[in-house]
>>> print(open('entry-v2.txt').read())   # compact mmCIF, C-alpha atoms
# COMPACT_ATOMS: atom_id res chain seq x y z
CA MET A 261 0.00 0.00 0.00
CA ASP A 262 1.22 3.50 -0.81
CA LYS A 263 2.37 5.55 2.16
CA GLU A 264 -0.20 8.11 3.27
CA TRP A 265 0.65 11.77 3.78
CA ILE A 266 -1.38 14.73 4.94
CA GLU A 267 -1.59 17.69 2.57
CA VAL A 268 -2.36 21.12 4.02
CA LYS A 269 -3.64 23.55 1.38
CA ILE A 270 -3.62 27.28 2.10
CA THR A 271 -4.84 30.04 -0.21
CA THR A 272 -3.64 33.47 0.81
CA SER A 273 -1.83 36.58 -0.45
CA SER A 274 1.76 36.61 -1.69
CA GLU A 275 2.78 38.44 1.48
CA GLY A 276 0.89 35.92 3.58
CA VAL A 277 2.83 33.05 1.99
CA GLU A 278 6.11 34.53 3.21
CA ILE A 279 4.87 34.72 6.80
CA LEU A 280 3.27 31.27 6.72
CA CYS A 281 6.40 29.67 5.28
CA GLY A 282 8.34 30.99 8.25
CA VAL A 283 5.90 29.14 10.50
CA ILE A 284 5.73 26.01 8.34
CA TYR A 285 9.48 25.51 8.36
CA ASP A 286 9.34 25.55 12.16
CA THR A 287 7.07 22.48 12.09
CA GLU A 288 7.84 18.92 11.00
CA VAL A 289 7.04 19.66 7.36
CA LEU A 290 8.50 17.27 4.77
CA GLY A 291 7.56 19.03 1.56
CA VAL A 292 6.20 22.37 0.39
CA TYR A 293 4.82 23.44 -2.97
CA ILE A 294 4.02 27.11 -3.69
CA GLU A 295 2.42 28.60 -6.81
CA ASP A 296 1.98 32.36 -6.81
CA LYS A 297 -0.36 34.22 -9.19
CA ASN A 298 2.09 37.14 -9.26
CA ASP A 299 4.75 34.85 -10.72
CA ILE A 300 2.66 34.05 -13.79
CA THR A 301 2.54 36.49 -16.69
CA SER A 302 1.38 36.19 -20.28
CA ASN A 303 5.04 36.09 -21.36
CA ASP A 304 6.05 33.49 -18.78
CA GLU A 305 7.76 30.35 -19.99
CA LYS A 306 5.19 28.37 -18.05
CA SER A 307 2.16 27.07 -19.89
CA TRP A 308 -1.22 27.56 -18.33
CA ASP A 309 -1.91 23.93 -19.29
CA TYR A 310 -0.05 22.61 -16.27
CA LEU A 311 -0.71 25.25 -13.63
CA ASP A 312 -2.46 24.32 -10.41
CA GLU A 313 -6.23 24.48 -11.01
CA ASP A 314 -6.70 26.15 -7.63
CA LEU A 315 -4.27 28.88 -8.66
CA ILE A 316 -6.01 29.51 -11.99
CA SER A 317 -9.30 30.05 -10.16
CA LEU A 318 -7.79 32.72 -7.92
CA LYS A 319 -7.99 36.38 -8.97
CA GLU A 320 -4.80 37.05 -7.03
CA GLY A 321 -2.64 35.52 -4.34
CA ALA A 322 -1.07 32.12 -3.98
CA VAL A 323 -1.70 28.47 -3.22
CA LEU A 324 0.60 26.87 -0.67
CA ARG A 325 0.65 23.12 -0.09
CA ALA A 326 2.57 21.58 2.82
CA TYR A 327 3.03 17.85 3.34
CA TYR A 328 3.27 16.01 6.65
CA LYS A 329 3.52 12.48 7.94
CA GLN A 330 0.62 11.39 10.09
CA SER A 331 1.50 12.05 13.73
CA ASP A 332 0.04 13.10 17.05
CA LYS A 333 1.49 16.56 16.48
CA PHE A 334 -0.24 17.25 13.17
CA LEU A 335 -3.34 18.98 14.58
CA GLU A 336 -1.08 21.18 16.68
CA PHE A 337 0.79 22.24 13.54
CA PHE A 338 -2.44 22.77 11.60
CA ASN A 339 -4.00 24.91 14.32
CA ARG A 340 -0.83 26.98 14.56
CA LEU A 341 -0.95 27.69 10.82
CA LYS A 342 -4.66 28.51 10.97
CA ALA A 343 -4.08 30.95 13.83
CA VAL A 344 -1.33 32.75 11.89
CA LEU A 345 -3.48 32.89 8.74
CA ASP A 346 -6.41 34.31 10.69
CA SER A 347 -4.22 36.96 12.33
CA LEU A 348 -2.47 38.29 9.22
CA GLU A 349 -4.71 41.32 8.81
CA GLU A 350 -4.03 42.38 12.40
CA TYR A 351 -0.46 43.07 11.22
CA ASN A 352 -1.58 44.86 8.02
CA ILE A 353 -0.74 41.83 5.87
CA PRO A 354 -3.43 40.94 3.31
CA LYS A 355 -5.09 37.62 4.07
CA GLY A 356 -6.19 37.02 0.48
CA GLU A 357 -8.76 34.27 0.09
CA GLY A 358 -7.64 33.05 3.50
CA THR A 359 -8.63 29.38 3.45
CA ILE A 360 -6.85 26.40 5.00
CA THR A 361 -7.82 22.73 4.67
CA PHE A 362 -6.14 19.35 4.94
CA SER A 363 -6.64 15.98 3.29
CA LYS A 364 -4.89 12.63 2.91
CA VAL A 365 -2.77 11.95 -0.18
CA TYR A 366 -0.74 8.95 -1.28
CA GLU A 367 3.01 9.35 -1.63
CA GLU A 368 3.07 7.98 -5.19
CA ASP A 369 0.39 10.43 -6.32
CA TRP A 370 2.16 13.34 -4.65
CA GLU A 371 5.60 12.49 -6.05
CA ASN A 372 4.26 12.06 -9.59
CA ASN A 373 1.71 14.84 -9.75
CA TRP A 374 3.58 17.84 -8.33
CA LYS A 375 6.34 17.46 -10.90
CA GLN A 376 3.98 18.60 -13.67
CA TYR A 377 4.01 22.12 -12.21
CA TYR A 378 7.75 22.66 -12.73
CA LYS A 379 9.27 23.31 -16.16
CA PRO A 380 12.55 24.94 -17.28
CA ILE A 381 12.28 28.71 -17.00
CA ASN A 382 14.52 31.57 -18.13
CA ILE A 383 15.11 33.68 -15.02
CA THR A 384 17.59 36.07 -16.66
CA ASP A 385 18.92 36.37 -20.21
CA LYS A 386 21.67 33.95 -19.24
CA LEU A 387 20.30 31.72 -16.48
CA VAL A 388 17.83 28.85 -16.91
CA ILE A 389 16.39 27.03 -13.90
CA LYS A 390 15.74 23.39 -14.83
CA PRO A 391 14.03 20.67 -12.73
CA LEU A 392 16.07 17.49 -12.68
CA TRP A 393 13.58 15.42 -14.67
CA GLU A 394 13.18 17.91 -17.54
CA ASP A 395 15.29 18.13 -20.71
CA TYR A 396 16.50 21.47 -22.02
CA VAL A 397 18.55 22.48 -25.08
CA LEU A 398 20.90 25.36 -24.38
CA LYS A 399 20.65 28.49 -26.51
CA GLY A 400 23.57 30.84 -27.05
CA ASN A 401 25.52 31.55 -23.85
CA GLU A 402 22.86 30.21 -21.46
CA ILE A 403 23.82 28.32 -18.33
CA VAL A 404 21.57 25.79 -16.61
CA LEU A 405 20.94 25.49 -12.90
CA ASN A 406 19.58 22.05 -12.00
CA ILE A 407 17.24 21.89 -9.03
CA ASP A 408 14.90 19.51 -7.28
CA PRO A 409 12.14 21.91 -6.19
CA GLY A 410 10.27 19.36 -4.11
CA MET A 411 11.00 21.13 -0.83
CA ALA A 412 10.32 24.55 -2.42
CA PHE A 413 12.61 26.67 -0.28
CA GLY A 414 13.24 28.73 -3.39
CA THR A 415 12.77 27.68 -6.99
CA GLY A 416 13.70 30.93 -8.72
CA THR A 417 10.19 31.96 -9.73
CA HIS A 418 9.32 34.24 -6.81
CA GLU A 419 10.02 37.95 -7.32
CA THR A 420 12.45 38.11 -4.40
CA THR A 421 14.59 35.30 -5.82
CA LYS A 422 14.38 36.60 -9.39
CA MET A 423 15.66 40.01 -8.36
CA CYS A 424 18.54 38.49 -6.41
CA LEU A 425 19.50 36.40 -9.43
CA GLU A 426 19.37 39.48 -11.67
CA PHE A 427 21.63 41.37 -9.26
CA LEU A 428 23.99 38.39 -9.07
CA GLU A 429 24.32 38.29 -12.84
CA LYS A 430 25.00 42.02 -12.95
CA TYR A 431 27.37 42.54 -10.00
CA LEU A 432 29.22 39.26 -9.51
CA ILE A 433 32.76 39.40 -10.86
CA GLN A 434 34.76 36.30 -11.74
CA GLY A 435 36.72 35.02 -8.75
CA MET A 436 34.62 36.58 -5.99
CA ARG A 437 34.05 34.95 -2.60
CA VAL A 438 30.32 34.92 -1.76
CA PHE A 439 28.29 34.33 1.40
CA ASP A 440 24.60 33.40 1.05
CA ILE A 441 22.65 34.00 4.27
CA GLY A 442 19.47 31.94 4.62
CA THR A 443 20.42 29.82 1.64
CA GLY A 444 17.17 27.79 1.56
CA SER A 445 17.28 25.54 -1.51
CA GLY A 446 20.79 26.81 -2.28
CA ILE A 447 19.62 28.37 -5.53
CA LEU A 448 21.44 31.68 -5.01
CA ALA A 449 24.63 29.97 -3.87
CA ILE A 450 24.56 27.70 -6.93
CA ALA A 451 23.86 30.62 -9.26
CA ALA A 452 26.79 32.54 -7.76
CA SER A 453 29.08 29.62 -8.54
CA LEU A 454 27.74 29.28 -12.08
CA PHE A 455 28.24 33.01 -12.63
CA GLY A 456 31.92 32.65 -11.77
CA ALA A 457 32.41 32.92 -8.00
CA LYS A 458 35.59 31.26 -6.76
CA GLU A 459 34.06 30.12 -3.47
CA VAL A 460 30.52 30.23 -2.09
CA ILE A 461 29.36 29.57 1.46
CA GLY A 462 25.63 29.13 2.05
CA VAL A 463 24.31 29.17 5.61
CA ASP A 464 20.88 28.36 7.03
CA LEU A 465 19.43 27.78 10.50
CA ASP A 466 16.96 25.21 9.15
CA THR A 467 18.34 21.67 8.94
CA VAL A 468 15.80 20.68 6.28
CA ALA A 469 16.89 23.63 4.12
CA VAL A 470 20.54 22.71 4.59
CA ASP A 471 19.86 19.15 3.43
CA SER A 472 17.90 20.43 0.42
CA ALA A 473 20.67 22.87 -0.52
CA LYS A 474 23.38 20.23 -0.29
CA LYS A 475 21.44 17.93 -2.61
CA ASN A 476 20.88 20.71 -5.14
CA VAL A 477 24.58 21.59 -5.09
CA SER A 478 25.39 17.94 -5.88
CA TYR A 479 22.97 17.96 -8.83
CA ASN A 480 25.07 20.72 -10.42
CA ASN A 481 28.44 18.98 -9.89
CA LEU A 482 29.98 22.00 -8.18
CA ASP A 483 32.93 21.62 -5.80
CA ASN A 484 33.35 25.24 -4.67
CA ILE A 485 30.18 25.55 -2.54
CA LYS A 486 29.92 24.79 1.18
CA ILE A 487 26.50 24.58 2.83
CA LEU A 488 26.59 25.07 6.61
CA HIS A 489 24.03 24.85 9.40
CA ASP A 490 24.11 27.65 12.00
CA ASN A 491 24.14 31.40 12.42
CA PHE A 492 26.33 32.71 9.63
CA LEU A 493 28.68 34.70 11.90
CA ASP A 494 29.33 31.58 13.97
CA VAL A 495 30.41 29.40 11.06
CA VAL A 496 31.89 31.57 8.29
CA GLU A 497 35.53 32.54 8.40
CA GLY A 498 37.35 35.37 6.67
CA TYR A 499 35.86 37.92 4.32
CA ALA A 500 33.62 37.97 1.26
CA ASN A 501 33.38 40.15 -1.83
CA MET A 502 29.61 39.70 -1.88
CA VAL A 503 26.92 38.78 0.63
CA ILE A 504 23.39 37.79 -0.39
CA ALA A 505 20.42 37.72 1.98
CA ASN A 506 16.97 36.90 0.64
CA ILE A 507 15.14 36.96 3.95
CA ILE A 508 12.82 39.63 5.46
CA ALA A 509 13.15 43.35 6.17
CA ASP A 510 13.70 43.18 9.93
CA ALA A 511 16.28 40.43 9.57
CA ILE A 512 18.16 42.48 6.95
CA ILE A 513 18.24 45.47 9.29
CA PHE A 514 19.46 43.22 12.11
CA ILE A 515 22.31 41.60 10.15
CA ALA A 516 23.46 44.69 8.21
CA PRO A 517 26.12 45.68 10.79
CA CYS A 518 27.42 42.09 10.87
CA VAL A 519 27.54 41.86 7.08
CA LYS A 520 29.63 45.03 6.95
CA GLU A 521 32.18 43.36 9.22
CA VAL A 522 32.73 40.45 6.80
CA LEU A 523 32.70 42.39 3.51
CA ASN A 524 35.94 43.41 1.82
CA GLU A 525 36.34 47.07 0.89
CA GLY A 526 34.03 47.75 -2.05
CA GLY A 527 32.09 44.56 -1.34
CA ILE A 528 28.49 44.14 -2.48
CA PHE A 529 25.52 43.41 -0.20
CA ILE A 530 22.41 42.14 -2.02
CA SER A 531 19.26 41.99 0.08
CA SER A 532 15.72 40.98 -0.81
CA GLY A 533 12.50 39.71 0.75
CA ILE A 534 11.56 43.31 1.52
CA LEU A 535 7.92 44.34 1.23
CA LEU A 536 7.33 47.72 -0.42
CA GLU A 537 6.09 49.31 2.79
CA HIS A 538 9.32 48.38 4.58
CA ALA A 539 11.76 49.41 1.84
CA LYS A 540 12.27 52.99 3.06
CA ARG A 541 13.09 51.80 6.57
CA VAL A 542 15.58 49.23 5.27
CA LYS A 543 17.32 51.77 3.04
CA GLU A 544 17.52 54.31 5.87
CA ASN A 545 19.16 51.73 8.13
CA LEU A 546 21.60 50.66 5.42
CA LEU A 547 22.65 54.29 4.92
CA ILE A 548 23.07 54.77 8.67
CA GLU A 549 25.36 51.74 8.69
CA GLY A 550 27.52 53.36 6.01
CA TYR A 551 26.36 51.46 2.94
CA LYS A 552 26.06 53.13 -0.45
CA ILE A 553 22.88 52.21 -2.32
CA LEU A 554 23.82 51.08 -5.83
CA GLU A 555 20.44 50.02 -7.18
CA GLU A 556 16.92 49.15 -6.14
CA LYS A 557 14.56 46.76 -7.92
CA LYS A 558 10.80 46.44 -7.52
CA GLN A 559 8.64 43.53 -8.65
CA GLY A 560 5.08 43.12 -7.46
CA GLU A 561 4.96 43.90 -3.74
CA TRP A 562 8.67 43.22 -3.26
CA VAL A 563 11.92 45.19 -3.26
CA ALA A 564 15.56 44.12 -3.59
CA ILE A 565 18.50 46.39 -2.85
CA ALA A 566 22.11 46.22 -4.00
CA CYS A 567 24.55 48.29 -1.97
CA SER A 568 28.28 48.47 -1.24
CA ILE A 569 30.71 49.60 1.44
>>> encode(input="entry-v2.txt", output="structure tokens")
Amino acid sequence: MDKEWIEVKITTSSEGVEILCGVIYDTEVLGVYIEDKNDITSNDEKSWDYLDEDLISLKEGAVLRAYYKQSDKFLEFFNRLKAVLDSLEEYNIPKGEGTITFSKVYEEDWENNWKQYYKPINITDKLVIKPLWEDYVLKGNEIVLNIDPGMAFGTGTHETTKMCLEFLEKYLIQGMRVFDIGTGSGILAIAASLFGAKEVIGVDLDTVAVDSAKKNVSYNNLDNIKILHDNFLDVVEGYANMVIANIIADAIIFIAPCVKEVLNEGGIFISSGILLEHAKRVKENLLIEGYKILEEKKQGEWVAIACSI
């Protein structure tokens, strides 16, 4: 008999997804799939033929699916997620459709069906994100980043990740040493290596993310990336030419002084995961810390900032 899993399905806003993911990754989640309406445009490489039907029916927002083993703790996790979803608007975060349900699924169905939602996609003019099971023929000077997006800690399609990748392509110089804070799936660390970094260190506090990142590094046959578990200041040694942090506004403000301490003179700090309403506060704090703002990007409700010291 196929192994049974429990699928939690949440429909909410794009901003709500970010908050809920922070809660989900603090539970015993074993898989996450996210499809965001804001990530789909008429010019997207994705075909509407294989998008999640629940997403197509939404006017805006996102569908988040989290997968759990059956356990005595599941209802505790579910109620925690429901409470956070219900409280979003108290913190001026749109709730969106705001529904949460759960149902049983079989492992074989889950493993086979979710793969249909991931296809190769051009993130920048040069970089293509490709799921492991898909074929892709390179065009021109393209480079391919192979990823298993099953744990969905970052698949390249969300605005925050896209903007970081665009900044990486623009500002990374051959031979740089790069730190990736909150590496998640490792996608930014891998991209930095593919763009020419000499050494990349990705750090995350989440053990599941660390395991996911290590696997994705192996899929790209790269030997210049280290993925570490802990607070980045406790495990990285020496200095970097570039630091990337795709996290949240308050965390960026908190780590900015620490990042400055590990950046070489003229080093680049790329930060993302910043909601529009928090961008001014983040920039003000970066300037107070002595950073020079090089460029700001906006996509949807999100902002990314490239700065230097």
>>> residues_around(input="entry-v2.txt", residues="Ser532 (chain A)", least_positions_apart="4", cutoff="6 Å", atoms="all atoms listed in the file", output="JSON, numbers by chain")
{"A": [420, 506, 564]}
>>> atom_distance(input="entry-v2.txt", atom1="CA of Gly444 (chain A)", atom2="CA of Asp466 (chain A)")
8.0 Å
>>> residues_around(input="entry-v2.txt", residues="region 547-558 of chain A", least_positions_apart="5", cutoff="6 Å", atoms="all atoms listed in the file", output="PDB file with C-alpha atoms, keeping the file's coordinate frame")
ATOM      1  CA  VAL A 563      11.920  45.190  -3.260  1.00  0.00           C
ATOM      2  CA  ALA A 564      15.560  44.120  -3.590  1.00  0.00           C
ATOM      3  CA  ILE A 565      18.500  46.390  -2.850  1.00  0.00           C
ATOM      4  CA  ALA A 566      22.110  46.220  -4.000  1.00  0.00           C
ATOM      5  CA  CYS A 567      24.550  48.290  -1.970  1.00  0.00           C
ATOM      6  CA  SER A 568      28.280  48.470  -1.240  1.00  0.00           C
ATOM      7  CA  ILE A 569      30.710  49.600   1.440  1.00  0.00           C
TER       8      ILE A 569
END
>>> residues_around(input="entry-v2.txt", residues="Ile528 (chain A)", least_positions_apart="2", cutoff="12 Å", atoms="all atoms listed in the file", output="short mmCIF file (atom, residue, chain, number, x, y, z; two decimals) with C-alpha atoms, in the coordinates of the input")
data_model
loop_
_atom_site.label_atom_id
_atom_site.label_comp_id
_atom_site.auth_asym_id
_atom_site.auth_seq_id
_atom_site.Cartn_x
_atom_site.Cartn_y
_atom_site.Cartn_z
CA PHE A 427 21.63 41.37 -9.26
CA LEU A 428 23.99 38.39 -9.07
CA LYS A 430 25.00 42.02 -12.95
CA TYR A 431 27.37 42.54 -10.00
CA LEU A 432 29.22 39.26 -9.51
CA ILE A 433 32.76 39.40 -10.86
CA MET A 436 34.62 36.58 -5.99
CA ARG A 437 34.05 34.95 -2.60
CA VAL A 438 30.32 34.92 -1.76
CA PHE A 439 28.29 34.33 1.40
CA ASP A 440 24.60 33.40 1.05
CA TYR A 499 35.86 37.92 4.32
CA ALA A 500 33.62 37.97 1.26
CA ASN A 501 33.38 40.15 -1.83
CA MET A 502 29.61 39.70 -1.88
CA VAL A 503 26.92 38.78 0.63
CA ILE A 504 23.39 37.79 -0.39
CA ALA A 505 20.42 37.72 1.98
CA ALA A 516 23.46 44.69 8.21
CA VAL A 519 27.54 41.86 7.08
CA LYS A 520 29.63 45.03 6.95
CA VAL A 522 32.73 40.45 6.80
CA LEU A 523 32.70 42.39 3.51
CA ASN A 524 35.94 43.41 1.82
CA GLU A 525 36.34 47.07 0.89
CA GLY A 526 34.03 47.75 -2.05
CA ILE A 530 22.41 42.14 -2.02
CA SER A 531 19.26 41.99 0.08
CA TYR A 551 26.36 51.46 2.94
CA LYS A 552 26.06 53.13 -0.45
CA ILE A 553 22.88 52.21 -2.32
CA LEU A 554 23.82 51.08 -5.83
CA GLU A 555 20.44 50.02 -7.18
CA ILE A 565 18.50 46.39 -2.85
CA ALA A 566 22.11 46.22 -4.00
CA CYS A 567 24.55 48.29 -1.97
CA SER A 568 28.28 48.47 -1.24
CA ILE A 569 30.71 49.60 1.44
#
>>> atom_distance(input="entry-v2.txt", atom1="CA of Tyr327 (chain A)", atom2="CA of Thr359 (chain A)")
16.4 Å
>>> atom_distance(input="entry-v2.txt", atom1="CA of Gly446 (chain A)", atom2="CA of Leu348 (chain A)")
28.4 Å
>>> decode(input="entry-v2.txt", residues="region 449-481 of chain A", atoms="N, CA and C atoms", output="CSV table (one decimal), in the first residue's frame")
chain,number,residue,atom,x,y,z
A,449,ALA,N,23.2,30.4,-4.0
A,449,ALA,CA,24.6,30.0,-3.9
A,449,ALA,C,25.1,29.3,-5.1
A,450,ILE,N,24.2,28.4,-5.7
A,450,ILE,CA,24.6,27.7,-6.9
A,450,ILE,C,24.7,28.7,-8.1
A,451,ALA,N,23.8,29.6,-8.2
A,451,ALA,CA,23.9,30.6,-9.3
A,451,ALA,C,25.1,31.4,-9.2
A,452,ALA,N,25.6,31.8,-7.9
A,452,ALA,CA,26.8,32.5,-7.8
A,452,ALA,C,28.0,31.8,-8.3
A,453,SER,N,28.0,30.5,-8.0
A,453,SER,CA,29.1,29.6,-8.5
A,453,SER,C,29.0,29.6,-10.1
A,454,LEU,N,27.9,29.4,-10.6
A,454,LEU,CA,27.7,29.3,-12.1
A,454,LEU,C,28.1,30.6,-12.8
A,455,PHE,N,27.9,31.7,-12.1
A,455,PHE,CA,28.2,33.0,-12.6
A,455,PHE,C,29.7,33.3,-12.5
A,456,GLY,N,30.5,32.5,-11.8
A,456,GLY,CA,31.9,32.6,-11.8
A,456,GLY,C,32.6,32.9,-10.4
A,457,ALA,N,31.8,32.7,-9.3
A,457,ALA,CA,32.4,32.9,-8.0
A,457,ALA,C,33.5,31.8,-7.8
A,458,LYS,N,34.5,32.2,-7.1
A,458,LYS,CA,35.6,31.3,-6.8
A,458,LYS,C,35.2,30.3,-5.6
A,459,GLU,N,34.5,30.9,-4.6
A,459,GLU,CA,34.1,30.1,-3.5
A,459,GLU,C,32.7,30.7,-3.0
A,460,VAL,N,31.8,29.8,-2.6
A,460,VAL,CA,30.5,30.2,-2.1
A,460,VAL,C,30.2,29.5,-0.8
A,461,ILE,N,29.8,30.2,0.2
A,461,ILE,CA,29.4,29.6,1.5
A,461,ILE,C,27.9,29.9,1.7
A,462,GLY,N,27.0,28.9,1.8
A,462,GLY,CA,25.6,29.1,2.1
A,462,GLY,C,25.3,28.7,3.5
A,463,VAL,N,24.6,29.5,4.2
A,463,VAL,CA,24.3,29.2,5.6
A,463,VAL,C,22.8,29.3,5.9
A,464,ASP,N,22.3,28.3,6.7
A,464,ASP,CA,20.9,28.4,7.0
A,464,ASP,C,20.7,27.8,8.4
A,465,LEU,N,19.7,28.3,9.2
A,465,LEU,CA,19.4,27.8,10.5
A,465,LEU,C,18.5,26.6,10.5
A,466,ASP,N,17.9,26.3,9.3
A,466,ASP,CA,17.0,25.2,9.2
A,466,ASP,C,17.7,24.0,8.6
A,467,THR,N,17.6,22.9,9.4
A,467,THR,CA,18.3,21.7,8.9
A,467,THR,C,17.7,21.1,7.7
A,468,VAL,N,16.4,21.2,7.5
A,468,VAL,CA,15.8,20.7,6.3
A,468,VAL,C,16.3,21.5,5.1
A,469,ALA,N,16.4,22.8,5.2
A,469,ALA,CA,16.9,23.6,4.1
A,469,ALA,C,18.3,23.3,3.8
A,470,VAL,N,19.1,23.1,4.8
A,470,VAL,CA,20.5,22.7,4.6
A,470,VAL,C,20.6,21.4,3.8
A,471,ASP,N,19.9,20.4,4.2
A,471,ASP,CA,19.9,19.1,3.4
A,471,ASP,C,19.4,19.3,2.0
A,472,SER,N,18.4,20.1,1.8
A,472,SER,CA,17.9,20.4,0.4
A,472,SER,C,19.0,21.1,-0.4
A,473,ALA,N,19.6,22.1,0.2
A,473,ALA,CA,20.7,22.9,-0.5
A,473,ALA,C,21.8,22.0,-0.9
A,474,LYS,N,22.3,21.1,0.0
A,474,LYS,CA,23.4,20.2,-0.3
A,474,LYS,C,23.1,19.3,-1.5
A,475,LYS,N,21.8,18.8,-1.5
A,475,LYS,CA,21.4,17.9,-2.6
A,475,LYS,C,21.4,18.7,-3.9
A,476,ASN,N,20.9,19.9,-3.9
A,476,ASN,CA,20.9,20.7,-5.1
A,476,ASN,C,22.3,21.1,-5.6
A,477,VAL,N,23.2,21.3,-4.7
A,477,VAL,CA,24.6,21.6,-5.1
A,477,VAL,C,25.1,20.4,-5.8
A,478,SER,N,24.9,19.2,-5.3
A,478,SER,CA,25.4,17.9,-5.9
A,478,SER,C,24.8,17.7,-7.3
A,479,TYR,N,23.6,18.1,-7.5
A,479,TYR,CA,23.0,18.0,-8.8
A,479,TYR,C,23.7,18.8,-9.9
A,480,ASN,N,24.4,19.8,-9.5
A,480,ASN,CA,25.1,20.7,-10.4
A,480,ASN,C,26.6,20.5,-10.5
A,481,ASN,N,27.0,19.4,-9.8
A,481,ASN,CA,28.4,19.0,-9.9
A,481,ASN,C,29.4,20.1,-9.6
